[in-house]
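Novice: Below you will find the structure I want to go over with you.
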Amino acid sequence: MIKKAVIPAAGFGTRFLPVTKSQPKEMLPVIDKPVIQYVVEEAVESGITDILMIIGKGKRSIEEHFDRNYELENELAIKNKEEQLQEVRKITGLANIHFVWQKELNGLGDAISYAKHHVGREPFAVLLGDTIIKSEQPLLKNLASIFERYGDSVVALEEVDPAIVSRYGVIGGDEIEKDLYAINQLIEKPKADEAPSNLVFAGRYIFAPEIFDCIDQTPPGINNEIQLTDAMRLLQKTNKLYGHRFSGKRFDIGNKLDFIKTNIVLGLEREDMNGDLKQFILNLAKEIS
């Protein structure tokens with residue numbers, strides 16, 4: 001059973017400047033929760049009990065969000081705001097959450113390497129801190145089930161428009177059962193005409209601990225950073241690697257337009273606001289049509 005997870009959250013979030021000058025992009029609100037809380041909740045729903053977050057400069061608010069705030073709790077108790085009180089207390093009890101600082105921003109592979117001593121020789125999950133996944137069952141839970149069946153690392157895959165594969169890590173492989181691929185190619189941000197498929201990494205991974213040895217052996221790649229894709233390619237030389245094409249929706253909070261879209265889509269799923277929000281959208285559509 002996979003019990004440990006790593007959430008890299010050290011990047012500057014430059015595409016959201018100026019707001020990310022003093023606020024981590026992972027703390028940007030989607031409705032009334034920061035992005036990273038959705039990620040943690042998916043991990044917990046998948047059976048994770050121990051989470052290590054890799055953070056960097058300017059990310060202190062992430063630590064504070066998952067810590068107790070006794071003054072706030074006392075104020076809510078005095079004002080008999082029981083629902084809000086239970087909501088903020090719930091955050092601190094989601095899982096055992098730890099933090100480590102990435103000294104320099106040297107890529108995703110390097111960030112994950114900071115978890116080596118915490119994870120030890122156990123298999124573990126990786127969830128990108130700026131990606132929300134909505135699916136019928138928690139995606140990470142499905143990945144963990146595949147790992148337990150096959151005993152090797154598995155990554156989440158999303159099928160995208162072939163025109164945009166150059167934004168992602170892309171796989172090539174053989175479908176060995178419905179929506180499950182034995183991966184034989186890994187290419188980071190290929191040109192559209194050089195991509196082996198339109199199946200791309202979707203921000204969720206289950207790794208065997210051997211990935212740490214591969215990261216240690218991986219030289220700097222694109223942007224002079226330690227690329228996780230390069231380390232996974234090394235891992236393939238000694239271990240099998242699987243990919244699961246999930247059914248659901250990935251919300252990438254890494255850019256402004258998708259951030260706005262995410263708030264709208266998830267807002268429409270909320271019973272306390274979907275009626276008014278839907279009517280606002282319909283009225284707005286009439287105005288701009």
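All residue names refer to the structure tokens as shown: chains lettered A, B, ... in order, residues numbered from 1 in each chain, ligands numbered from 1 in order.
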Extract, using only C-alpha atoms, all DNA, RNA and protein residues at most 12 Å from Glu177 of chain A, discarding same-chain residues fewer than 6 positions from it, and format them as a PyMOL selection string.
Specialist: chain A and resi 146+242-245
Novice: Output all heavy atoms of each residue in that selection to a file, as a PDB file, in the first residue's frame.
Specialist:
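Ended up saving to selection.pdb:
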```pdb
ATOM      1  N   ILE A 146      -2.581  -0.020  -9.835  1.00  0.00           N
ATOM      2  CA  ILE A 146      -1.790  -0.570 -10.934  1.00  0.00           C
ATOM      3  C   ILE A 146      -0.395  -0.946 -10.453  1.00  0.00           C
ATOM      4  O   ILE A 146       0.146  -2.007 -10.800  1.00  0.00           O
ATOM      5  CB  ILE A 146      -1.708   0.449 -12.092  1.00  0.00           C
ATOM      6  CG1 ILE A 146      -3.089   0.619 -12.725  1.00  0.00           C
ATOM      7  CG2 ILE A 146      -0.689   0.005 -13.141  1.00  0.00           C
ATOM      8  CD1 ILE A 146      -3.186   1.798 -13.677  1.00  0.00           C
ATOM      9  N   TYR A 242       4.923   1.913 -16.658  1.00  0.00           N
ATOM     10  CA  TYR A 242       3.578   1.856 -17.213  1.00  0.00           C
ATOM     11  C   TYR A 242       2.931   3.240 -17.229  1.00  0.00           C
ATOM     12  O   TYR A 242       3.311   4.143 -16.467  1.00  0.00           O
ATOM     13  CB  TYR A 242       2.709   0.893 -16.399  1.00  0.00           C
ATOM     14  CG  TYR A 242       3.210  -0.531 -16.422  1.00  0.00           C
ATOM     15  CD1 TYR A 242       4.008  -1.021 -15.392  1.00  0.00           C
ATOM     16  CD2 TYR A 242       2.909  -1.383 -17.483  1.00  0.00           C
ATOM     17  CE1 TYR A 242       4.487  -2.323 -15.414  1.00  0.00           C
ATOM     18  CE2 TYR A 242       3.378  -2.684 -17.519  1.00  0.00           C
ATOM     19  CZ  TYR A 242       4.168  -3.152 -16.483  1.00  0.00           C
ATOM     20  OH  TYR A 242       4.645  -4.438 -16.504  1.00  0.00           O
ATOM     21  N   GLY A 243       1.956   3.390 -18.102  1.00  0.00           N
ATOM     22  CA  GLY A 243       1.201   4.629 -18.179  1.00  0.00           C
ATOM     23  C   GLY A 243      -0.289   4.342 -18.191  1.00  0.00           C
ATOM     24  O   GLY A 243      -0.752   3.447 -18.917  1.00  0.00           O
ATOM     25  N   HIS A 244      -1.036   5.073 -17.394  1.00  0.00           N
ATOM     26  CA  HIS A 244      -2.489   4.894 -17.296  1.00  0.00           C
ATOM     27  C   HIS A 244      -3.200   6.115 -17.871  1.00  0.00           C
ATOM     28  O   HIS A 244      -3.050   7.224 -17.361  1.00  0.00           O
ATOM     29  CB  HIS A 244      -2.897   4.703 -15.827  1.00  0.00           C
ATOM     30  CG  HIS A 244      -4.375   4.798 -15.593  1.00  0.00           C
ATOM     31  ND1 HIS A 244      -5.290   4.001 -16.244  1.00  0.00           N
ATOM     32  CD2 HIS A 244      -5.098   5.606 -14.768  1.00  0.00           C
ATOM     33  CE1 HIS A 244      -6.514   4.302 -15.833  1.00  0.00           C
ATOM     34  NE2 HIS A 244      -6.416   5.287 -14.956  1.00  0.00           N
ATOM     35  N   ARG A 245      -3.925   5.913 -18.955  1.00  0.00           N
ATOM     36  CA  ARG A 245      -4.733   6.994 -19.536  1.00  0.00           C
ATOM     37  C   ARG A 245      -6.016   7.105 -18.714  1.00  0.00           C
ATOM     38  O   ARG A 245      -6.840   6.211 -18.705  1.00  0.00           O
ATOM     39  CB  ARG A 245      -5.062   6.688 -20.996  1.00  0.00           C
ATOM     40  CG  ARG A 245      -5.951   7.752 -21.662  1.00  0.00           C
ATOM     41  CD  ARG A 245      -6.126   7.475 -23.133  1.00  0.00           C
ATOM     42  NE  ARG A 245      -6.680   6.132 -23.354  1.00  0.00           N
ATOM     43  CZ  ARG A 245      -6.738   5.543 -24.548  1.00  0.00           C
ATOM     44  NH1 ARG A 245      -6.257   6.135 -25.615  1.00  0.00           N
ATOM     45  NH2 ARG A 245      -7.264   4.332 -24.675  1.00  0.00           N
TER      46      ARG A 245
END
```
Novice: Please give the complete set of residues from segment 62-276 of chain A that DSSP, run on the backbone, assigns to strand (DSSP E), formatted as a ChimeraX atom specification.
Specialist: /A:96-101,124-127,131-134,153-159,169-177,180-188,199-207,241-245,249-252
Novice: Quick one: everything within 7 Å of Val165 of chain A, counting only C-alpha atoms, minus sequence neighbours fewer than 2 positions away in the same chain. Send it as a list in words.
Specialist: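 Once the adjacent positions are removed, what remains is Pro162, Ala163, Arg167, Tyr168, Val170, Lys189, Pro190, Ala192 and Asn198 of chain A.
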Novice: For C-alpha atoms, I'd like the residues from the last selection saved as a CSV table (one decimal), in the first residue's frame.
Specialist:
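Contents of out.csv, freshly written:
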```
chain,number,residue,atom,x,y,z
A,162,PRO,CA,-1.6,16.6,-31.1
A,163,ALA,CA,-1.0,20.3,-31.9
A,167,ARG,CA,4.2,21.6,-24.1
A,168,TYR,CA,4.5,18.3,-22.3
A,170,VAL,CA,5.1,12.5,-24.2
A,189,LYS,CA,8.4,18.6,-25.2
A,190,PRO,CA,8.8,17.1,-28.7
A,192,ALA,CA,4.3,17.8,-33.0
A,198,ASN,CA,-0.6,12.4,-28.1
```
Novice: Do you have, as CSV, the list of residues of segment 164-261 of chain A lying at most 12 Å from segment 1-10 of chain A, each with its nearest atom pair and that distance in Å to one decimal, counting only C-alpha atoms and ordered by chain then number?
Specialist:
```
residue,atom,partner,partner_atom,distance
A:Gly203,CA,A:Ile7,CA,10.2
A:Arg204,CA,A:Ile7,CA,9.8
A:Tyr205,CA,A:Ala5,CA,9.5
A:Ile206,CA,A:Ile2,CA,8.4
A:Phe207,CA,A:Ile2,CA,9.8
A:Ala208,CA,A:Ile2,CA,10.3
A:Pro209,CA,A:Lys4,CA,11.4
A:Leu228,CA,A:Pro8,CA,11.9
A:Gly254,CA,A:Ala9,CA,11.7
```
Novice: Save out the residues we just selected, all heavy atoms, as a short mmCIF file (atom, residue, chain, number, x, y, z; two decimals), in the first residue's frame.
Specialist:
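Output file result-v4.cif is given in full below:
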```cif
data_model
loop_
_atom_site.label_atom_id
_atom_site.label_comp_id
_atom_site.auth_asym_id
_atom_site.auth_seq_id
_atom_site.Cartn_x
_atom_site.Cartn_y
_atom_site.Cartn_z
N GLY A 203 0.73 14.82 -14.42
CA GLY A 203 1.02 15.38 -13.09
C GLY A 203 0.83 14.46 -11.92
O GLY A 203 0.83 14.90 -10.77
N ARG A 204 0.69 13.15 -12.17
CA ARG A 204 0.56 12.17 -11.09
C ARG A 204 1.44 10.96 -11.43
O ARG A 204 1.44 10.46 -12.56
CB ARG A 204 -0.89 11.70 -10.93
CG ARG A 204 -1.89 12.82 -10.59
CD ARG A 204 -1.65 13.37 -9.20
NE ARG A 204 -2.66 14.33 -8.82
CZ ARG A 204 -2.57 15.65 -9.02
NH1 ARG A 204 -1.51 16.15 -9.64
NH2 ARG A 204 -3.53 16.45 -8.61
N TYR A 205 2.19 10.47 -10.43
CA TYR A 205 3.14 9.39 -10.63
C TYR A 205 3.17 8.50 -9.39
O TYR A 205 2.98 8.98 -8.27
CB TYR A 205 4.57 9.92 -10.82
CG TYR A 205 4.73 11.07 -11.79
CD1 TYR A 205 4.40 12.38 -11.43
CD2 TYR A 205 5.27 10.85 -13.06
CE1 TYR A 205 4.58 13.43 -12.31
CE2 TYR A 205 5.46 11.91 -13.95
CZ TYR A 205 5.11 13.19 -13.57
OH TYR A 205 5.29 14.25 -14.44
N ILE A 206 3.44 7.22 -9.61
CA ILE A 206 3.84 6.31 -8.53
C ILE A 206 5.20 5.74 -8.93
O ILE A 206 5.34 5.15 -10.00
CB ILE A 206 2.85 5.15 -8.32
CG1 ILE A 206 1.44 5.65 -7.98
CG2 ILE A 206 3.37 4.21 -7.23
CD1 ILE A 206 1.28 6.18 -6.58
N PHE A 207 6.19 5.96 -8.07
CA PHE A 207 7.55 5.52 -8.39
C PHE A 207 8.05 4.45 -7.44
O PHE A 207 7.81 4.50 -6.23
CB PHE A 207 8.52 6.69 -8.32
CG PHE A 207 8.45 7.63 -9.49
CD1 PHE A 207 8.16 8.98 -9.29
CD2 PHE A 207 8.66 7.19 -10.78
CE1 PHE A 207 8.09 9.86 -10.36
CE2 PHE A 207 8.60 8.05 -11.86
CZ PHE A 207 8.31 9.39 -11.65
N ALA A 208 8.78 3.49 -8.01
CA ALA A 208 9.61 2.62 -7.20
C ALA A 208 10.79 3.45 -6.69
O ALA A 208 11.19 4.44 -7.32
CB ALA A 208 10.11 1.45 -8.04
N PRO A 209 11.37 3.11 -5.55
CA PRO A 209 12.44 3.93 -4.98
C PRO A 209 13.69 4.03 -5.83
O PRO A 209 14.50 4.93 -5.64
CB PRO A 209 12.73 3.26 -3.63
CG PRO A 209 12.21 1.86 -3.78
CD PRO A 209 11.03 1.96 -4.68
N LEU A 228 12.93 15.21 -14.82
CA LEU A 228 12.37 13.94 -14.35
C LEU A 228 12.22 12.96 -15.51
O LEU A 228 12.46 11.75 -15.34
CB LEU A 228 11.01 14.19 -13.68
CG LEU A 228 10.30 12.94 -13.15
CD1 LEU A 228 11.14 12.24 -12.10
CD2 LEU A 228 8.93 13.31 -12.58
N GLY A 254 -1.26 26.28 -13.96
CA GLY A 254 0.01 26.93 -14.27
C GLY A 254 -0.11 28.12 -15.21
O GLY A 254 0.89 28.80 -15.47
#
```
Novice: Give me the residues near Leu139 of chain A as a PDB file with C-alpha atoms, in the first residue's frame, where near means some atom within 12 Å (using only C-alpha atoms) and where sequence neighbours in that chain fewer than 2 positions away do not count.
Specialist:
```pdb
ATOM      1  CA  VAL A  39      -4.022  18.096  -4.393  1.00  0.00           C
ATOM      2  CA  GLU A  41      -7.209  15.946  -0.542  1.00  0.00           C
ATOM      3  CA  GLU A  42      -6.784  13.709  -3.599  1.00  0.00           C
ATOM      4  CA  ALA A  43      -3.727  12.136  -1.980  1.00  0.00           C
ATOM      5  CA  VAL A  44      -5.587  11.520   1.286  1.00  0.00           C
ATOM      6  CA  GLU A  45      -8.602  10.045  -0.536  1.00  0.00           C
ATOM      7  CA  SER A  46      -6.140   7.665  -2.207  1.00  0.00           C
ATOM      8  CA  GLY A  47      -4.831   6.308   1.102  1.00  0.00           C
ATOM      9  CA  ALA A 125       3.546   8.984  -5.073  1.00  0.00           C
ATOM     10  CA  VAL A 126       4.324  12.312  -6.710  1.00  0.00           C
ATOM     11  CA  LEU A 127       1.601  14.906  -7.261  1.00  0.00           C
ATOM     12  CA  ILE A 132      -6.102  19.534  -9.972  1.00  0.00           C
ATOM     13  CA  ILE A 133      -7.521  16.244 -11.215  1.00  0.00           C
ATOM     14  CA  LYS A 134     -11.247  15.541 -11.225  1.00  0.00           C
ATOM     15  CA  SER A 135     -12.242  11.934 -11.875  1.00  0.00           C
ATOM     16  CA  GLU A 136     -14.857   9.448 -10.753  1.00  0.00           C
ATOM     17  CA  GLN A 137     -12.331   7.775  -8.468  1.00  0.00           C
ATOM     18  CA  LYS A 141      -5.731   5.611  -6.073  1.00  0.00           C
ATOM     19  CA  ASN A 142      -6.012   4.027  -9.518  1.00  0.00           C
ATOM     20  CA  LEU A 143      -2.275   4.454 -10.104  1.00  0.00           C
ATOM     21  CA  ALA A 144      -1.504   2.842  -6.742  1.00  0.00           C
ATOM     22  CA  SER A 145      -3.703  -0.116  -7.675  1.00  0.00           C
ATOM     23  CA  ILE A 146      -1.790  -0.570 -10.934  1.00  0.00           C
ATOM     24  CA  VAL A 154       3.293   4.031 -13.316  1.00  0.00           C
ATOM     25  CA  VAL A 155       2.435   7.531 -14.539  1.00  0.00           C
ATOM     26  CA  ALA A 156      -0.874   9.206 -15.321  1.00  0.00           C
ATOM     27  CA  LEU A 157      -1.495  10.008 -18.976  1.00  0.00           C
ATOM     28  CA  GLU A 158      -3.834  12.448 -20.652  1.00  0.00           C
ATOM     29  CA  ALA A 202      -0.738  14.432 -16.335  1.00  0.00           C
ATOM     30  CA  GLY A 203       1.023  15.385 -13.094  1.00  0.00           C
ATOM     31  CA  ARG A 204       0.562  12.170 -11.094  1.00  0.00           C
ATOM     32  CA  TYR A 205       3.141   9.391 -10.628  1.00  0.00           C
ATOM     33  CA  ILE A 206       3.841   6.308  -8.528  1.00  0.00           C
ATOM     34  CA  HIS A 244      -2.489   4.894 -17.296  1.00  0.00           C
ATOM     35  CA  ARG A 245      -4.733   6.994 -19.536  1.00  0.00           C
ATOM     36  CA  PHE A 246      -7.276   8.336 -17.096  1.00  0.00           C
ATOM     37  CA  SER A 247     -10.869   9.317 -17.705  1.00  0.00           C
ATOM     38  CA  GLY A 248     -11.623  12.633 -16.103  1.00  0.00           C
ATOM     39  CA  LYS A 249     -10.424  16.204 -16.302  1.00  0.00           C
ATOM     40  CA  ARG A 250      -7.065  17.774 -15.544  1.00  0.00           C
TER      41      ARG A 250
END
```
Novice: My list of candidates is A:Ile211, A:Val40, A:Ala77, A:Ile183. Which is closest to Lys116 of chain A when distances are computed with only C-alpha atoms?
Specialist: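 When distances to Lys116 of chain A are compared using only C-alpha atoms, the smallest one comes from A:Ile211.
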Novice: Quick check for you: according to DSSP on this backbone, which residues of segment 138-175 of chain A are classed as alpha helix (DSSP H)? Reply as an MDAnalysis selection string.
Specialist: chainID A and resid 139:150
Novice: For Thr238 of chain A, work out the shell of residues within 10 Å, counting only C-alpha atoms and skipping chain neighbours fewer than 4 positions away, then give it as a short mmCIF file (atom, residue, chain, number, x, y, z; two decimals) with N, CA, C and O atoms, in the first residue's frame.
Specialist:
```cif
data_model
loop_
_atom_site.label_atom_id
_atom_site.label_comp_id
_atom_site.auth_asym_id
_atom_site.auth_seq_id
_atom_site.Cartn_x
_atom_site.Cartn_y
_atom_site.Cartn_z
N GLU A 210 13.84 3.13 -6.81
CA GLU A 210 15.00 3.19 -7.70
C GLU A 210 15.08 4.49 -8.49
O GLU A 210 16.12 4.84 -9.03
N ARG A 233 13.75 7.81 -18.04
CA ARG A 233 14.34 7.08 -19.16
C ARG A 233 15.45 6.14 -18.65
O ARG A 233 15.59 5.02 -19.13
N LEU A 234 16.22 6.61 -17.70
CA LEU A 234 17.24 5.75 -17.08
C LEU A 234 16.58 4.59 -16.33
O LEU A 234 17.06 3.45 -16.36
#
```
Novice: Pick from A:Gly56, A:Pro29, A:Pro196, A:Gly267: nearest to Tyr114 of chain A, with only C-alpha atoms counted?
Specialist: A:Gly56
Novice: When you draw a straight line from atom CA of Phe201 of chain A to atom CA of Asp50 of chain A, how long is it in Å?
Specialist: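 Separating atom CA of Phe201 of chain A from atom CA of Asp50 of chain A is a distance of 23.5 Å.
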Novice: Report, in Å to a single decimal, how far apart atom CA of Pro24 of chain A and atom CA of Phe12 of chain A are.
Specialist: 7.2 Å
Novice: For the atom pair atom CA of Glu64 of chain A and atom CA of Gly120 of chain A, what is the interatomic distance in Å to one decimal place?
Specialist: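 Computing the Euclidean distance for atom CA of Glu64 of chain A and atom CA of Gly120 of chain A yields 26.4 Å.
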Novice: Quick one: everything within 10 Å of Ile55 of chain A, counting only C-alpha atoms, minus sequence neighbours fewer than 4 positions away in the same chain. Send it as a count of residues only.
Specialist: 17
Novice: Between A:Asp130, A:Leu52, A:Tyr70, A:Asn255, which residue has the minimum interatomic distance to Thr14 of chain A, considering only C-alpha atoms?
Specialist: A:Asn255
